[in-house]
Amino acid sequence: MTDDSDSDSPDDAPDADETAHHAFWADSVADDIEARDPDEPIVIKGGVSPSGVAHLGNFNEIMRGYFVAEVLRERGHEVRQVFTSDDKDPLRKLPRKLADAEGNIVGLGDVDAGALGRNLGKPYTEIPDPFGEADSYAAHFADLLKADADRLGVPVEMVSNTELYDDGTFDPVVERVLSDIDNARDVLGKYQRKVDEEYVPFNPVCEECGKITETVTDIDLDAKTVEYACTDMTVGDETIEGCGHEGTATFRQGKLPWRFEWPGQWQVLGVDFEPFGKDHAEGSWPSGKDIAENVLTIEPPVPMTYEWFTLNGEALSSSAGNIVTVPEILELLEPEVLRYFFALNPRKARDLDLSRLDQLVDDFDRFERAYFGDVDDETLTEFAERAYPFVVDEVREDRVRFPYTFAAVLGMTDDREVRIQMARNEGHITDDTPEWAVEEALERVEKARAWAERMDNAYNYRLQVEMPETDFDDDVAAALDDLADFVDAGRDGEEIQGEIYETARRHDIEVSDLFGAGYRLFFDQPQGPRLGEFLGDLDRTFVVKRLRREE
């Protein structure tokens, strides 16, 4: 995390105008929803176009909606959280990467890329799954998002736009827009260029080639059909060629453009609240609100704009390959840490820096301690007291959280008993620690180990339980024996670190030679972590025997 995500800062709490009422932003949103006296169930929505990898950025709306939904449920409301897949949209360009059914990112060379390339311009639901498993490309993407939501314990209902058109749910919206087409053009024209008297806000699917076309030549409101011509579609500098077919399509055999489709979803799903990124706040939301009020004559939902977060200092981008999936991040973090990340003030920009996940975990641990009254920070404590129960599966005061970097140190060995002894030496585990708490604490070790391996950082070393083969000069061997005596006297890590320098000086050898000998003995590598502190965490008997080269 970057410095501006440090939980010591009051900026991690809600904005100043919210703190007078609530310590947790989701309560303020719930107030706004309740003020409208909505029908039950209250509907909270998010949505995405299934254009590429289902990555962590897609979870902004799901997680923001989840916290609001949980607050409303706590207040006694029935809540339906839905997430729409805009899967009748056309595939406009090939994604650079995809994710398989387990969420692993793969390149186009690992799948049937031709299944995508041959179907540019067609709705996602009409494109075969390039992995050959799901019913369509759209279904594959939706399955990934649903599986990710399940991993985080979010009860979200996936809704297919294609199904909403196919079963007639969207019929009243399409009919309303096309029956009031002059007004629809006038409203849209305030936000979009190239809206002239020929513009028709409906995109049929060509019955001949299966592609989406934007050319409607006539409307029959009584028959609920349109006449169309399958013309070319321009995507950036590329052209997706139409087949030239002229035909007839029903209202169910096409789709509304996005700026009409979004408020149409609000109408047919009865949406009461929808969070969205700041990009929509500057474009789609003003037009959507206007269309809802002045074309569909409905009240738009309570909105909430959130800031996008960046990944490793750069914008999340499927096309640029700067993404991380939920399964990938959950290999490195507990689910509650990821939920905490999304529980922070959504109006503040943040960076998820994978190389500094230790800072995010430290922030979470402090947040957790604040809930139990162990942190002298009034703002953080108020926030934690309200938000923490929504972040964890169960509130349990006896939990043990190893500091993330210490967990990475423990991950240098596969020996469970060595891990536990090291944790005892540091005071994280005592005779009174419940066994369930020990087991939960050890789960973080595997996460931190995976982090060290992925980042290939200073913790990516492995303690050699069996002594490696070594051949040291006599003066180095004598220095190791002296260091063993020092450790055997009962010294902590900082003292051992300093003594390595002193021992090398007394034996007139290079400090690097003595450190190198230690790294070879314990890691069978020429380098490693801060050696003295690491040795101070290990079992003393084991360290002494290894320094003396005894089996």
# chains A, B, ... in the order shown; residues from 1 in each chain; ligands from 1
call {"tool": "residues_around", "arguments": {"residues": "stretch 448-465 of chain A", "least_positions_apart": "4", "cutoff": "7 Å", "atoms": "only C-alpha atoms", "output": "list in words"}}
result
Glu331, Leu332, Ser355, Tyr404, Ala407, Ala408, Val409, Gly411, Met412, Thr413, Arg444, Phe522, Phe523, Asp524, Gly528 and Pro529 of chain A
call {"tool": "write_last_selection", "arguments": {"atoms": "N, CA, C and O atoms", "output": "PDB file, in the first residue's frame"}}
result
ATOM      1  N   GLU A 331      -4.534 -16.096  -2.570  1.00  0.00           N
ATOM      2  CA  GLU A 331      -3.366 -16.921  -2.274  1.00  0.00           C
ATOM      3  C   GLU A 331      -2.401 -16.179  -1.361  1.00  0.00           C
ATOM      4  O   GLU A 331      -1.581 -16.789  -0.678  1.00  0.00           O
ATOM      5  N   LEU A 332      -2.512 -14.839  -1.336  1.00  0.00           N
ATOM      6  CA  LEU A 332      -1.572 -14.004  -0.591  1.00  0.00           C
ATOM      7  C   LEU A 332      -2.180 -13.400   0.672  1.00  0.00           C
ATOM      8  O   LEU A 332      -1.440 -13.011   1.580  1.00  0.00           O
ATOM      9  N   SER A 355       3.887  -5.721  -3.810  1.00  0.00           N
ATOM     10  CA  SER A 355       5.196  -5.854  -3.161  1.00  0.00           C
ATOM     11  C   SER A 355       5.162  -5.386  -1.715  1.00  0.00           C
ATOM     12  O   SER A 355       6.030  -5.730  -0.919  1.00  0.00           O
ATOM     13  N   TYR A 404       2.791 -10.002   9.201  1.00  0.00           N
ATOM     14  CA  TYR A 404       2.913 -10.633   7.878  1.00  0.00           C
ATOM     15  C   TYR A 404       4.357 -10.982   7.533  1.00  0.00           C
ATOM     16  O   TYR A 404       4.632 -12.070   7.006  1.00  0.00           O
ATOM     17  N   ALA A 407       5.345 -13.910   9.490  1.00  0.00           N
ATOM     18  CA  ALA A 407       4.761 -15.098   8.879  1.00  0.00           C
ATOM     19  C   ALA A 407       5.583 -15.532   7.669  1.00  0.00           C
ATOM     20  O   ALA A 407       5.752 -16.731   7.414  1.00  0.00           O
ATOM     21  N   ALA A 408       6.119 -14.558   6.926  1.00  0.00           N
ATOM     22  CA  ALA A 408       6.975 -14.894   5.785  1.00  0.00           C
ATOM     23  C   ALA A 408       8.260 -15.557   6.249  1.00  0.00           C
ATOM     24  O   ALA A 408       8.780 -16.464   5.586  1.00  0.00           O
ATOM     25  N   VAL A 409       8.780 -15.121   7.398  1.00  0.00           N
ATOM     26  CA  VAL A 409       9.966 -15.770   7.974  1.00  0.00           C
ATOM     27  C   VAL A 409       9.621 -17.216   8.352  1.00  0.00           C
ATOM     28  O   VAL A 409      10.384 -18.146   8.073  1.00  0.00           O
ATOM     29  N   GLY A 411       7.526 -18.992   6.989  1.00  0.00           N
ATOM     30  CA  GLY A 411       7.352 -19.725   5.745  1.00  0.00           C
ATOM     31  C   GLY A 411       8.648 -20.227   5.145  1.00  0.00           C
ATOM     32  O   GLY A 411       8.624 -20.979   4.168  1.00  0.00           O
ATOM     33  N   MET A 412       9.768 -19.846   5.725  1.00  0.00           N
ATOM     34  CA  MET A 412      11.054 -20.334   5.232  1.00  0.00           C
ATOM     35  C   MET A 412      11.285 -21.796   5.589  1.00  0.00           C
ATOM     36  O   MET A 412      12.242 -22.408   5.108  1.00  0.00           O
ATOM     37  N   THR A 413      10.435 -22.348   6.467  1.00  0.00           N
ATOM     38  CA  THR A 413      10.543 -23.764   6.799  1.00  0.00           C
ATOM     39  C   THR A 413       9.182 -24.418   6.637  1.00  0.00           C
ATOM     40  O   THR A 413       8.140 -23.802   6.874  1.00  0.00           O
ATOM     41  N   ARG A 444      -1.900 -18.005   7.832  1.00  0.00           N
ATOM     42  CA  ARG A 444      -1.272 -16.803   7.268  1.00  0.00           C
ATOM     43  C   ARG A 444       0.149 -17.100   6.794  1.00  0.00           C
ATOM     44  O   ARG A 444       0.641 -16.456   5.852  1.00  0.00           O
ATOM     45  N   PHE A 522      22.321 -22.468   7.071  1.00  0.00           N
ATOM     46  CA  PHE A 522      20.883 -22.473   7.342  1.00  0.00           C
ATOM     47  C   PHE A 522      20.003 -22.486   6.092  1.00  0.00           C
ATOM     48  O   PHE A 522      18.878 -22.969   6.136  1.00  0.00           O
ATOM     49  N   PHE A 523      20.531 -21.950   4.961  1.00  0.00           N
ATOM     50  CA  PHE A 523      19.704 -21.860   3.748  1.00  0.00           C
ATOM     51  C   PHE A 523      20.321 -22.562   2.543  1.00  0.00           C
ATOM     52  O   PHE A 523      19.658 -22.696   1.517  1.00  0.00           O
ATOM     53  N   ASP A 524      21.596 -22.971   2.672  1.00  0.00           N
ATOM     54  CA  ASP A 524      22.335 -23.535   1.544  1.00  0.00           C
ATOM     55  C   ASP A 524      22.317 -22.569   0.369  1.00  0.00           C
ATOM     56  O   ASP A 524      22.187 -22.956  -0.785  1.00  0.00           O
ATOM     57  N   GLY A 528      20.776 -14.312   2.190  1.00  0.00           N
ATOM     58  CA  GLY A 528      19.492 -14.611   2.809  1.00  0.00           C
ATOM     59  C   GLY A 528      18.966 -13.407   3.561  1.00  0.00           C
ATOM     60  O   GLY A 528      19.388 -12.276   3.326  1.00  0.00           O
ATOM     61  N   PRO A 529      18.031 -13.632   4.496  1.00  0.00           N
ATOM     62  CA  PRO A 529      17.433 -12.534   5.262  1.00  0.00           C
ATOM     63  C   PRO A 529      18.413 -11.998   6.296  1.00  0.00           C
ATOM     64  O   PRO A 529      19.551 -12.469   6.409  1.00  0.00           O
TER      65      PRO A 529
END
call {"tool": "residues_around", "arguments": {"residues": "A:Leu256", "least_positions_apart": "5", "cutoff": "12 Å", "atoms": "only C-alpha atoms", "output": "ChimeraX atom specification"}}
result
/A:86,88-89,161-162,164-165,170-178,184,200-205,212-214,216,251,261-265
call {"tool": "residues_around", "arguments": {"residues": "A:Gly47", "least_positions_apart": "6", "cutoff": "6 Å", "atoms": "only C-alpha atoms", "output": "ChimeraX atom specification"}}
result
/A:83-85
call {"tool": "residues_around", "arguments": {"residues": "A:Leu116", "least_positions_apart": "6", "cutoff": "8 Å", "atoms": "only C-alpha atoms", "output": "short mmCIF file (atom, residue, chain, number, x, y, z; two decimals) with N, CA, C and O atoms, in the first residue's frame"}}
result
data_model
loop_
_atom_site.label_atom_id
_atom_site.label_comp_id
_atom_site.auth_asym_id
_atom_site.auth_seq_id
_atom_site.Cartn_x
_atom_site.Cartn_y
_atom_site.Cartn_z
N LEU A 94 -10.26 -8.43 -29.41
CA LEU A 94 -9.76 -9.60 -28.70
C LEU A 94 -9.07 -9.17 -27.41
O LEU A 94 -8.24 -8.27 -27.42
N ILE A 127 -21.01 -16.31 -28.29
CA ILE A 127 -19.63 -16.66 -28.59
C ILE A 127 -19.24 -17.88 -27.76
O ILE A 127 -19.45 -17.90 -26.54
N PRO A 128 -18.69 -18.92 -28.38
CA PRO A 128 -18.31 -20.12 -27.63
C PRO A 128 -17.27 -19.81 -26.55
O PRO A 128 -16.43 -18.92 -26.71
N PRO A 130 -13.99 -20.06 -25.02
CA PRO A 130 -12.70 -20.49 -25.60
C PRO A 130 -12.04 -21.62 -24.81
O PRO A 130 -11.11 -22.26 -25.29
#
call {"tool": "closest_residue", "arguments": {"among": "A:Ala113, A:Ala249, A:Leu483, A:Ile500", "to": "A:Arg546", "atoms": "only C-alpha atoms"}}
result
A:Leu483
call {"tool": "select_by_dssp", "arguments": {"residues": "stretch 38-175 of chain A", "states": "alpha helix (DSSP H)", "output": "NGL selection string"}}
result
:A and (59-74 or 114-117 or 137-151 or 161-166 or 171-175)
call {"tool": "closest_residue", "arguments": {"among": "A:Asp485, A:Arg64, A:Asp166, A:Phe406", "to": "A:Tyr340", "atoms": "only C-alpha atoms"}}
result
A:Arg64
call {"tool": "closest_residue", "arguments": {"among": "A:Val487, A:Leu120, A:Val29, A:Ala35", "to": "A:Pro346", "atoms": "only C-alpha atoms"}}
result
A:Val29
call {"tool": "closest_residue", "arguments": {"among": "A:Ala504, A:Leu352, A:Val271, A:Val295", "to": "A:Asp182", "atoms": "only C-alpha atoms"}}
result
A:Val295
call {"tool": "closest_residue", "arguments": {"among": "A:Thr541, A:Thr231, A:Ser179, A:Thr470", "to": "A:Gly516", "atoms": "only C-alpha atoms"}}
result
A:Thr470
call {"tool": "atom_distance", "arguments": {"atom1": "atom CA of A:Leu442", "atom2": "atom CA of A:Glu495"}}
result
27.2 Å
call {"tool": "residues_around", "arguments": {"residues": "stretch 315-328 of chain A", "least_positions_apart": "4", "cutoff": "12 Å", "atoms": "only C-alpha atoms", "output": "number ranges by chain"}}
result
A: 50-60, 93-107, 144-152, 307-311, 332-335, 338-339, 349-354, 447, 450-451, 454
call {"tool": "residues_around", "arguments": {"residues": "A:His245", "least_positions_apart": "4", "cutoff": "9 Å", "atoms": "only C-alpha atoms", "output": "ChimeraX atom specification"}}
result
/A:206-209,228-231
call {"tool": "closest_residue", "arguments": {"among": "A:Thr379, A:Gln527, A:Thr503, A:Ser284", "to": "A:Gln192", "atoms": "only C-alpha atoms"}}
result
A:Ser284
call {"tool": "residues_around", "arguments": {"residues": "A:Arg75", "least_positions_apart": "6", "cutoff": "12 Å", "atoms": "only C-alpha atoms", "output": "number ranges by chain"}}
result
A: 27, 30-31, 34, 68-69
call {"tool": "select_by_dssp", "arguments": {"residues": "stretch 61-113 of chain A", "states": "strand (DSSP E)", "output": "count of residues only"}}
result
13
call {"tool": "atom_distance", "arguments": {"atom1": "atom CA of A:Tyr306", "atom2": "atom CA of A:Arg366"}}
result
24.2 Å
call {"tool": "atom_distance", "arguments": {"atom1": "atom CA of A:Phe372", "atom2": "atom CA of A:His77"}}
result
27.9 Å
call {"tool": "closest_atom_pairs", "arguments": {"of": "stretch 8-93 of chain A", "to": "stretch 386-391 of chain A", "cutoff": "8 Å", "atoms": "only C-alpha atoms", "output": "CSV"}}
result
residue,atom,partner,partner_atom,distance
A:Ala23,CA,A:Arg386,CA,6.8
A:Phe24,CA,A:Ala387,CA,6.2
A:Phe67,CA,A:Phe390,CA,7.0
A:Glu70,CA,A:Phe390,CA,7.2
call {"tool": "write_last_selection", "arguments": {"atoms": "C-alpha atoms", "output": "PDB file, in the first residue's frame"}}
result
ATOM      1  CA  ALA A  23     -18.103   6.194  11.463  1.00  0.00           C
ATOM      2  CA  PHE A  24     -18.709   3.800   8.550  1.00  0.00           C
ATOM      3  CA  PHE A  67     -21.353  -3.561   2.860  1.00  0.00           C
ATOM      4  CA  GLU A  70     -25.196  -5.976   5.182  1.00  0.00           C
TER       5      GLU A  70
END
